[in-house]
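Each remark here refers to the structure printed beneath this line.
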Amino acid sequence: MTQEHYFIAQDAYRGWALLGLILFPAMLLNIVLAILLRGQRPAFALAAAGCLVMAATLAVFFAWTYPANVATQTWTAVPANWQTLRLQWEYSHAANALLSFASFCFTALASIARRD
């Protein structure tokens, strides 16, 4: 995409930052799940891993996504290095998609691995 088209496309993400708030209850619920499964070694470890991997998404966001948003004023200003920032923003979102999926898998496996 050209610079003009990319910045137009970025406008579609306006307001999506609020969706990031769902990460906190997701981590909290994984902690609750881990506590409930604390006597069941494999299930507990999987639930804890789900929480840690979800926390890693926040680390990725604040290390790479947020700085790109700040430098571009949430993609409303065009700095000289906008293409580098675009790659940083895109790859951080791809990494977070993989981390979120991994967290989901760990949580699902924890639920399956629990013993009644």
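Starting from 1 in every chain, residues are counted up; chains themselves are A, B, ... following the order of the structure tokens, and ligands are numbered from 1 as listed.
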
Using only C-alpha atoms, which residues sit within 12 Å of Thr2 (chain A) once same-chain residues fewer than 5 positions away are excluded, as a list in words?
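Within the cut-off, the hits are Phe7, Ile8, Ala9, Trp82, Gln83 and Arg86 of chain A.
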
Using DSSP secondary structure from the backbone, list all helix (DSSP H, G or I) positions within chain A, as a PyMOL selection string.
chain A and resi 3-13+16-36+41-71+82-113

Sorted by chain and rising residue number, which residues of region 14-77 of chain A lie within 10 Å of region 96-102 of chain A, and what are their closest atom pairs and distances in Å to one decimal, counting only C-alpha atoms, as CSV?
```
residue,atom,partner,partner_atom,distance
A:Leu23,CA,A:Ser100,CA,9.5
A:Ala49,CA,A:Ala102,CA,9.1
A:Gly50,CA,A:Ala102,CA,7.3
A:Leu52,CA,A:Leu99,CA,9.9
A:Val53,CA,A:Leu99,CA,6.1
A:Met54,CA,A:Ser100,CA,6.2
A:Ala55,CA,A:Leu99,CA,9.3
A:Ala56,CA,A:Leu99,CA,7.4
A:Thr57,CA,A:Asn96,CA,5.3
A:Leu58,CA,A:Asn96,CA,8.5
A:Ala59,CA,A:Asn96,CA,9.6
A:Val60,CA,A:Asn96,CA,7.0
A:Phe61,CA,A:Asn96,CA,7.8
A:Thr65,CA,A:Asn96,CA,9.9
```

The residue from A:Ala77, A:Ala95, A:Ala17, A:Leu33 with the smallest atom-to-atom distance to Ala110 (chain A), counting only C-alpha atoms, is A:Leu33
